[in-house]
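> File input38.pdb below, PDB, C-alpha atoms:
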ATOM      1  CA  MET Y   1      55.874   1.550   4.734  1.00  0.00           C
ATOM      2  CA  THR Y   2      53.592  -1.441   4.335  1.00  0.00           C
ATOM      3  CA  VAL Y   3      50.212  -1.881   5.975  1.00  0.00           C
ATOM      4  CA  PRO Y   4      49.851  -5.112   7.966  1.00  0.00           C
ATOM      5  CA  TYR Y   5      47.488  -7.615   6.351  1.00  0.00           C
ATOM      6  CA  TYR Y   6      45.203  -7.726   9.421  1.00  0.00           C
ATOM      7  CA  LYS Y   7      44.498  -3.987   9.048  1.00  0.00           C
ATOM      8  CA  ILE Y   8      43.557  -4.504   5.388  1.00  0.00           C
ATOM      9  CA  ILE Y   9      41.239  -7.356   6.376  1.00  0.00           C
ATOM     10  CA  ALA Y  10      39.693  -5.309   9.210  1.00  0.00           C
ATOM     11  CA  ILE Y  11      39.094  -2.313   6.922  1.00  0.00           C
ATOM     12  CA  THR Y  12      37.636  -4.540   4.198  1.00  0.00           C
ATOM     13  CA  LEU Y  13      35.270  -6.268   6.661  1.00  0.00           C
ATOM     14  CA  GLY Y  14      34.290  -2.895   8.130  1.00  0.00           C
ATOM     15  CA  ILE Y  15      33.349  -1.575   4.696  1.00  0.00           C
ATOM     16  CA  ILE Y  16      31.422  -4.759   3.864  1.00  0.00           C
ATOM     17  CA  MET Y  17      29.441  -4.410   7.116  1.00  0.00           C
ATOM     18  CA  LEU Y  18      28.897  -0.681   6.672  1.00  0.00           C
ATOM     19  CA  ILE Y  19      27.288  -0.940   3.231  1.00  0.00           C
ATOM     20  CA  PRO Y  20      24.087  -2.779   4.313  1.00  0.00           C
ATOM     21  CA  ILE Y  21      23.822  -0.694   7.478  1.00  0.00           C
ATOM     22  CA  ALA Y  22      24.068   2.514   5.424  1.00  0.00           C
ATOM     23  CA  TYR Y  23      21.488   1.158   2.946  1.00  0.00           C
ATOM     24  CA  ILE Y  24      19.007   0.292   5.710  1.00  0.00           C
ATOM     25  CA  ALA Y  25      19.532   3.718   7.304  1.00  0.00           C
ATOM     26  CA  PHE Y  26      18.970   5.381   3.914  1.00  0.00           C
ATOM     27  CA  LEU Y  27      15.710   3.453   3.377  1.00  0.00           C
ATOM     28  CA  ARG Y  28      14.523   4.400   6.869  1.00  0.00           C
ATOM     29  CA  VAL Y  29      15.196   8.084   6.258  1.00  0.00           C
ATOM     30  CA  ILE Y  30      13.279   8.172   2.958  1.00  0.00           C
ATOM     31  CA  THR Y  31      10.350   6.016   4.156  1.00  0.00           C
ATOM     32  CA  TYR Y  32       7.068   7.820   4.762  1.00  0.00           C
ATOM     33  CA  ASP Y  33       6.355   8.191   8.475  1.00  0.00           C
ATOM     34  CA  PRO Y  34       2.829   9.536   9.012  1.00  0.00           C
ATOM     35  CA  ALA Y  35       1.848  11.616  12.006  1.00  0.00           C
ATOM     36  CA  PRO Y  36      -0.332   9.854  14.595  1.00  0.00           C
ATOM     37  CA  VAL Y  37      -3.358  11.833  13.390  1.00  0.00           C
ATOM     38  CA  GLU Y  38      -3.561  13.559   9.995  1.00  0.00           C
ATOM     39  CA  ASP Y  39      -6.176  15.569   8.142  1.00  0.00           C
ATOM     40  CA  VAL Y  40      -7.082  13.826   4.897  1.00  0.00           C
ATOM     41  CA  ASP Y  41      -8.303  15.445   1.683  1.00  0.00           C
ATOM     42  CA  HIS Y  42     -11.694  14.107   0.736  1.00  0.00           C
ATOM     43  CA  VAL Y  43     -14.611  14.419  -1.643  1.00  0.00           C
ATOM     44  CA  SER Y  44     -17.896  14.567   0.228  1.00  0.00           C
ATOM     45  CA  GLY Y  45     -21.103  12.885  -0.785  1.00  0.00           C
ATOM     46  CA  LYS Y  46     -24.455  14.638  -0.353  1.00  0.00           C
ATOM     47  CA  ARG Y  47     -26.659  12.181   1.564  1.00  0.00           C
ATOM     48  CA  THR Y  48     -27.454  12.935   5.204  1.00  0.00           C
ATOM     49  CA  ILE Y  49     -28.603  10.601   7.931  1.00  0.00           C
ATOM     50  CA  ALA Y  50     -30.325  11.169  11.251  1.00  0.00           C
ATOM     51  CA  ALA Y  51     -29.514   9.676  14.626  1.00  0.00           C
ATOM     52  CA  GLY Y  52     -30.996   6.207  14.792  1.00  0.00           C
ATOM     53  CA  ASP Y  53     -30.952   5.638  11.013  1.00  0.00           C
ATOM     54  CA  PRO Y  54     -29.451   2.276  10.121  1.00  0.00           C
ATOM     55  CA  LEU Y  55     -25.992   2.330   8.576  1.00  0.00           C
ATOM     56  CA  THR Y  56     -24.280  -0.605   6.898  1.00  0.00           C
ATOM     57  CA  ALA Y  57     -20.504  -0.933   6.557  1.00  0.00           C
ATOM     58  CA  LEU Y  58     -18.078  -3.132   4.672  1.00  0.00           C
ATOM     59  CA  THR Y  59     -14.378  -3.528   5.413  1.00  0.00           C
ATOM     60  CA  PHE Y  60     -12.309  -5.007   2.610  1.00  0.00           C
ATOM     61  CA  ASN Y  61      -8.606  -5.808   2.438  1.00  0.00           C
ATOM     62  CA  ILE Y  62      -8.141  -5.871  -1.340  1.00  0.00           C
ATOM     63  CA  GLY Y  63      -4.554  -7.143  -1.148  1.00  0.00           C
ATOM     64  CA  TYR Y  64      -3.352  -4.416  -3.569  1.00  0.00           C
ATOM     65  CA  GLY Y  65      -5.484  -5.928  -6.332  1.00  0.00           C
ATOM     66  CA  GLY Y  66      -2.871  -8.636  -6.706  1.00  0.00           C
ATOM     67  CA  TYR Y  67      -4.802 -11.739  -5.770  1.00  0.00           C
ATOM     68  CA  ASP Y  68      -7.038 -13.915  -7.865  1.00  0.00           C
ATOM     69  CA  ARG Y  69      -7.849 -17.613  -7.524  1.00  0.00           C
ATOM     70  CA  SER Y  70      -4.570 -18.610  -9.142  1.00  0.00           C
ATOM     71  CA  GLU Y  71      -2.309 -16.457  -6.926  1.00  0.00           C
ATOM     72  CA  ASP Y  72       0.342 -18.412  -5.025  1.00  0.00           C
ATOM     73  CA  PHE Y  73       1.563 -15.588  -2.763  1.00  0.00           C
ATOM     74  CA  PHE Y  74       4.846 -16.177  -0.928  1.00  0.00           C
ATOM     75  CA  MET Y  75       3.618 -14.590   2.343  1.00  0.00           C
ATOM     76  CA  ASP Y  76       0.886 -17.260   2.438  1.00  0.00           C
ATOM     77  CA  GLY Y  77       3.374 -20.092   1.951  1.00  0.00           C
ATOM     78  CA  GLY Y  78       3.424 -20.019  -1.859  1.00  0.00           C
ATOM     79  CA  LYS Y  79       6.083 -19.033  -4.351  1.00  0.00           C
ATOM     80  CA  GLY Y  80       4.572 -16.039  -6.189  1.00  0.00           C
ATOM     81  CA  VAL Y  81       5.542 -12.445  -5.492  1.00  0.00           C
ATOM     82  CA  LEU Y  82       3.790 -10.226  -8.020  1.00  0.00           C
ATOM     83  CA  PRO Y  83       0.584 -10.479 -10.022  1.00  0.00           C
ATOM     84  CA  GLU Y  84       0.993 -11.627 -13.602  1.00  0.00           C
ATOM     85  CA  SER Y  85       0.497  -8.179 -15.198  1.00  0.00           C
ATOM     86  CA  GLY Y  86      -1.163  -4.795 -14.969  1.00  0.00           C
ATOM     87  CA  ASP Y  87      -4.107  -6.286 -16.870  1.00  0.00           C
ATOM     88  CA  ALA Y  88      -4.444  -8.943 -14.156  1.00  0.00           C
ATOM     89  CA  VAL Y  89      -4.530  -6.183 -11.518  1.00  0.00           C
ATOM     90  CA  MET Y  90      -7.241  -4.364 -13.489  1.00  0.00           C
ATOM     91  CA  ASP Y  91      -9.258  -7.595 -13.803  1.00  0.00           C
ATOM     92  CA  ASN Y  92      -8.983  -8.078 -10.052  1.00  0.00           C
ATOM     93  CA  MET Y  93      -9.983  -4.459  -9.412  1.00  0.00           C
ATOM     94  CA  SER Y  94     -13.040  -4.943 -11.617  1.00  0.00           C
ATOM     95  CA  GLY Y  95     -14.031  -7.954  -9.505  1.00  0.00           C
ATOM     96  CA  ILE Y  96     -13.374  -6.025  -6.287  1.00  0.00           C
ATOM     97  CA  LEU Y  97     -15.569  -3.142  -7.462  1.00  0.00           C
ATOM     98  CA  SER Y  98     -18.325  -5.623  -8.381  1.00  0.00           C
ATOM     99  CA  ILE Y  99     -18.222  -7.083  -4.864  1.00  0.00           C
ATOM    100  CA  ILE Y 100     -18.415  -3.591  -3.334  1.00  0.00           C
ATOM    101  CA  GLU Y 101     -21.365  -2.653  -5.554  1.00  0.00           C
ATOM    102  CA  ASN Y 102     -23.181  -5.952  -4.874  1.00  0.00           C
ATOM    103  CA  GLU Y 103     -22.803  -5.546  -1.105  1.00  0.00           C
ATOM    104  CA  ASP Y 104     -24.506  -2.128  -1.408  1.00  0.00           C
ATOM    105  CA  CYS Y 105     -23.218  -0.820   1.934  1.00  0.00           C
ATOM    106  CA  ASP Y 106     -23.415   2.776   3.093  1.00  0.00           C
ATOM    107  CA  VAL Y 107     -19.743   2.941   4.064  1.00  0.00           C
ATOM    108  CA  VAL Y 108     -16.910   0.951   2.487  1.00  0.00           C
ATOM    109  CA  MET Y 109     -13.497   0.946   4.185  1.00  0.00           C
ATOM    110  CA  VAL Y 110     -10.701  -0.491   2.047  1.00  0.00           C
ATOM    111  CA  GLN Y 111      -7.186  -1.585   3.044  1.00  0.00           C
ATOM    112  CA  GLU Y 112      -4.035  -2.210   0.964  1.00  0.00           C
ATOM    113  CA  VAL Y 113      -5.021   0.263  -1.745  1.00  0.00           C
ATOM    114  CA  ASP Y 114      -2.094   1.065  -4.048  1.00  0.00           C
ATOM    115  CA  VAL Y 115      -1.878   4.336  -5.955  1.00  0.00           C
ATOM    116  CA  ASP Y 116       1.584   4.108  -7.510  1.00  0.00           C
ATOM    117  CA  SER Y 117       3.279   0.867  -6.529  1.00  0.00           C
ATOM    118  CA  GLY Y 118       5.458  -1.518  -8.462  1.00  0.00           C
ATOM    119  CA  ARG Y 119       3.704  -4.550  -6.987  1.00  0.00           C
ATOM    120  CA  SER Y 120       0.434  -3.489  -8.644  1.00  0.00           C
ATOM    121  CA  PHE Y 121       2.019  -2.261 -11.888  1.00  0.00           C
ATOM    122  CA  HIS Y 122       1.389   1.391 -10.872  1.00  0.00           C
ATOM    123  CA  VAL Y 123      -2.395   1.057 -11.218  1.00  0.00           C
ATOM    124  CA  ASN Y 124      -4.157   3.869  -9.332  1.00  0.00           C
ATOM    125  CA  GLU Y 125      -6.515   1.632  -7.396  1.00  0.00           C
ATOM    126  CA  ASP Y 126      -7.936   4.473  -5.311  1.00  0.00           C
ATOM    127  CA  GLY Y 127      -8.788   6.373  -8.486  1.00  0.00           C
ATOM    128  CA  TYR Y 128     -10.492   3.267  -9.851  1.00  0.00           C
ATOM    129  CA  LEU Y 129     -12.527   2.659  -6.677  1.00  0.00           C
ATOM    130  CA  SER Y 130     -13.413   6.361  -6.415  1.00  0.00           C
ATOM    131  CA  SER Y 131     -14.920   6.525  -9.903  1.00  0.00           C
ATOM    132  CA  ARG Y 132     -18.467   5.661  -8.832  1.00  0.00           C
ATOM    133  CA  PRO Y 133     -20.788   8.658  -9.289  1.00  0.00           C
ATOM    134  CA  GLY Y 134     -22.340  10.163  -6.159  1.00  0.00           C
ATOM    135  CA  VAL Y 135     -19.902   8.417  -3.819  1.00  0.00           C
ATOM    136  CA  GLY Y 136     -17.580  10.508  -1.682  1.00  0.00           C
ATOM    137  CA  HIS Y 137     -14.155   9.201  -0.848  1.00  0.00           C
ATOM    138  CA  ALA Y 138     -10.916   9.792   1.021  1.00  0.00           C
ATOM    139  CA  TYR Y 139      -7.499   8.162   0.731  1.00  0.00           C
ATOM    140  CA  ALA Y 140      -4.742   8.156   3.356  1.00  0.00           C
ATOM    141  CA  CYS Y 141      -1.265   6.858   2.639  1.00  0.00           C
ATOM    142  CA  ASN Y 142       0.205   4.590   5.280  1.00  0.00           C
ATOM    143  CA  TYR Y 143       3.193   3.074   3.460  1.00  0.00           C
ATOM    144  CA  LYS Y 144       5.360   4.932   0.994  1.00  0.00           C
ATOM    145  CA  VAL Y 145       8.948   4.120   0.071  1.00  0.00           C
ATOM    146  CA  LEU Y 146      11.039   4.494  -3.077  1.00  0.00           C
ATOM    147  CA  PHE Y 147      12.121   0.868  -3.185  1.00  0.00           C
ATOM    148  CA  VAL Y 148      11.413  -2.369  -1.312  1.00  0.00           C
ATOM    149  CA  PRO Y 149      14.385  -4.616  -2.093  1.00  0.00           C
ATOM    150  CA  TYR Y 150      12.776  -7.918  -1.197  1.00  0.00           C
ATOM    151  CA  PRO Y 151      11.643 -10.592  -2.003  1.00  0.00           C
ATOM    152  CA  THR Y 152      12.759 -11.778  -5.456  1.00  0.00           C
ATOM    153  CA  PRO Y 153      11.716 -10.156  -7.694  1.00  0.00           C
ATOM    154  CA  PRO Y 154      11.690  -7.039  -5.492  1.00  0.00           C
ATOM    155  CA  LEU Y 155       8.418  -5.202  -4.850  1.00  0.00           C
ATOM    156  CA  GLY Y 156      10.028  -1.915  -5.903  1.00  0.00           C
ATOM    157  CA  LYS Y 157       8.325   1.423  -5.292  1.00  0.00           C
ATOM    158  CA  MET Y 158       5.454   1.374  -2.786  1.00  0.00           C
ATOM    159  CA  ASP Y 159       2.671   3.899  -2.315  1.00  0.00           C
ATOM    160  CA  SER Y 160      -0.167   2.227  -0.486  1.00  0.00           C
ATOM    161  CA  GLY Y 161      -2.845   3.132   2.002  1.00  0.00           C
ATOM    162  CA  ILE Y 162      -6.438   2.979   3.122  1.00  0.00           C
ATOM    163  CA  SER Y 163      -9.554   4.519   1.653  1.00  0.00           C
ATOM    164  CA  ILE Y 164     -13.150   5.091   2.588  1.00  0.00           C
ATOM    165  CA  HIS Y 165     -16.066   5.439   0.179  1.00  0.00           C
ATOM    166  CA  ASN Y 166     -19.591   6.562   0.986  1.00  0.00           C
ATOM    167  CA  PRO Y 167     -22.412   8.792  -0.304  1.00  0.00           C
ATOM    168  CA  LEU Y 168     -22.679  10.674   3.005  1.00  0.00           C
ATOM    169  CA  ALA Y 169     -22.076  14.379   3.547  1.00  0.00           C
ATOM    170  CA  VAL Y 170     -18.754  14.514   5.404  1.00  0.00           C
ATOM    171  CA  SER Y 171     -17.180  17.655   6.852  1.00  0.00           C
ATOM    172  CA  GLU Y 172     -13.751  16.290   7.761  1.00  0.00           C
ATOM    173  CA  VAL Y 173     -11.671  13.120   7.531  1.00  0.00           C
ATOM    174  CA  LYS Y 174      -8.739  12.192   9.737  1.00  0.00           C
ATOM    175  CA  ARG Y 175      -6.343   9.252   9.546  1.00  0.00           C
ATOM    176  CA  SER Y 176      -5.427   7.805  12.926  1.00  0.00           C
ATOM    177  CA  PRO Y 177      -3.895   4.560  14.151  1.00  0.00           C
TER     178      PRO Y 177
END
As a first step, turn the structure in this file into structure tokens.

Amino acid sequence: MTVPYYKIIAITLGIIMLIPIAYIAFLRVITYDPAPVEDVDHVSGKRTIAAGDPLTALTFNIGYGGYDRSEDFFMDGGKGVLPESGDAVMDNMSGILSIIENEDCDVVMVQEVDVDSGRSFHVNEDGYLSSRPGVGHAYACNYKVLFVPYPTPPLGKMDSGISIHNPLAVSEVKRSP
């Protein structure tokens, strides 16, 4: 008994369509999906403040330590995808830390902090930013996936989040939307 050619074509097309759908479903299942509100491990500082004391704050999107003056990032209309090297990421992190120290704010809130991501050559940026003595800190993951298949070259493994750094005595930290 022979199988009609249209059935072979239909089965072949079905398999071709099923592969990307299965891959996207697989990525969705293994992608980190945080709860709306989560307790976050933290290291507390020791300084206390009273009601009415002034408090300065800095928010800083560090762009995963991947940007310097020469970066031509594809999401901003350029052609580049990844920083040049892990050394380039460390140079950028050094500059970022200098900016934070020069601003001398009481509270520093940082976005796009990678701890183990391919796009930042697996540099633990939170560990680097948290190395200042006397400064408490907390890190909350908000994007974690085994592999991001786009663009070219692919971003690969992602483990990225937000962090807060301050010398204040803190009893609890929560991550919320």
> The residues within 8 Å of (-28.5, 14.3, 3.1), using all atoms listed in the file and the coordinates of the file, should be reported as an MDAnalysis selection string; which are they?
chainID Y and resid 46:49 168:169
> On this structure, the PyMOL selection byres ((chain Y and resi 159) around 12) would catch which residues? List them as JSON, numbers by chain, sorted by chain and number.
{"Y": [31, 32, 64, 112, 113, 114, 115, 116, 117, 118, 119, 120, 121, 122, 123, 124, 125, 126, 139, 140, 141, 142, 143, 144, 145, 146, 147, 148, 155, 156, 157, 158, 160, 161, 162]}
> My list of candidates is Y:Ser131, Y:Thr59, Y:Gln111, Y:Ser176. Which is closest to Y:Ser163 when distances are computed with only C-alpha atoms?
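Distance minimum relative to Y:Ser163 lands on Y:Gln111.
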> Could you tell me how far atom CA of Y:Gly65 sits from atom CA of Y:Ile96, in Å to one decimal place?
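So the two atoms, atom CA of Y:Ile96 and atom CA of Y:Gly65, lie 7.9 Å apart.
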> Show which residues sit within 7 Å of stretch 38-43 of chain Y, as a PyMOL selection string. Count only C-alpha atoms, and ignore same-chain residues fewer than 3 positions away.
chain Y and resi 35+136-138+140+173-176
> Using all atoms listed in the file, which of the listed residues (Y:Thr56, Y:Ala10, Y:Thr152, Y:Pro36) sits closest to Y:Leu82?
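Closest residue, counting all atoms listed in the file: Y:Thr152.
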> Return as a list in words the set of residues that the PyMOL selection byres ((chain Y and resi 57) around 7) yields on the displayed structure.
Leu55, Thr56, Leu58, Thr59, Cys105, Asp106, Val107 and Val108 of chain Y
> Save stretch 30-45 of chain Y to a file: N, CA and C atoms, as a JSON list (two decimals), in the first residue's frame.

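For reference, result_5.json as written:
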[["chain", "number", "residue", "atom", "x", "y", "z"],
["Y", 30, "ILE", "N", 10.72, 26.86, 30.71],
["Y", 30, "ILE", "CA", 11.94, 26.94, 31.51],
["Y", 30, "ILE", "C", 12.33, 28.38, 31.88],
["Y", 31, "THR", "N", 11.57, 29.37, 31.40],
["Y", 31, "THR", "CA", 11.87, 30.76, 31.71],
["Y", 31, "THR", "C", 11.39, 31.10, 33.12],
["Y", 32, "TYR", "N", 12.22, 31.83, 33.84],
["Y", 32, "TYR", "CA", 11.90, 32.27, 35.19],
["Y", 32, "TYR", "C", 10.67, 33.16, 35.17],
["Y", 33, "ASP", "N", 9.72, 32.89, 36.04],
["Y", 33, "ASP", "CA", 8.49, 33.65, 36.13],
["Y", 33, "ASP", "C", 8.28, 34.04, 37.60],
["Y", 34, "PRO", "N", 8.77, 35.23, 37.98],
["Y", 34, "PRO", "CA", 8.71, 35.60, 39.40],
["Y", 34, "PRO", "C", 7.29, 35.83, 39.89],
["Y", 35, "ALA", "N", 7.11, 35.62, 41.18],
["Y", 35, "ALA", "CA", 5.82, 35.93, 41.81],
["Y", 35, "ALA", "C", 5.63, 37.45, 41.81],
["Y", 36, "PRO", "N", 4.40, 37.92, 41.93],
["Y", 36, "PRO", "CA", 4.16, 39.37, 41.93],
["Y", 36, "PRO", "C", 4.94, 40.10, 43.04],
["Y", 37, "VAL", "N", 5.05, 39.48, 44.19],
["Y", 37, "VAL", "CA", 5.83, 40.05, 45.29],
["Y", 37, "VAL", "C", 6.68, 38.93, 45.87],
["Y", 38, "GLU", "N", 7.98, 39.18, 46.04],
["Y", 38, "GLU", "CA", 8.89, 38.16, 46.57],
["Y", 38, "GLU", "C", 9.78, 38.76, 47.66],
["Y", 39, "ASP", "N", 10.04, 37.97, 48.69],
["Y", 39, "ASP", "CA", 11.07, 38.34, 49.66],
["Y", 39, "ASP", "C", 12.42, 38.20, 48.99],
["Y", 40, "VAL", "N", 13.33, 39.11, 49.30],
["Y", 40, "VAL", "CA", 14.64, 39.12, 48.67],
["Y", 40, "VAL", "C", 15.71, 39.05, 49.76],
["Y", 41, "ASP", "N", 16.68, 38.15, 49.60],
["Y", 41, "ASP", "CA", 17.81, 38.10, 50.52],
["Y", 41, "ASP", "C", 18.57, 39.41, 50.41],
["Y", 42, "HIS", "N", 19.07, 39.88, 51.54],
["Y", 42, "HIS", "CA", 19.79, 41.15, 51.52],
["Y", 42, "HIS", "C", 20.86, 41.19, 52.61],
["Y", 43, "VAL", "N", 21.78, 42.10, 52.42],
["Y", 43, "VAL", "CA", 22.78, 42.42, 53.44],
["Y", 43, "VAL", "C", 22.46, 43.84, 53.89],
["Y", 44, "SER", "N", 22.24, 44.01, 55.18],
["Y", 44, "SER", "CA", 21.84, 45.30, 55.70],
["Y", 44, "SER", "C", 23.04, 46.16, 56.05],
["Y", 45, "GLY", "N", 22.89, 47.46, 55.82],
["Y", 45, "GLY", "CA", 23.88, 48.40, 56.32],
["Y", 45, "GLY", "C", 23.60, 48.67, 57.80]]
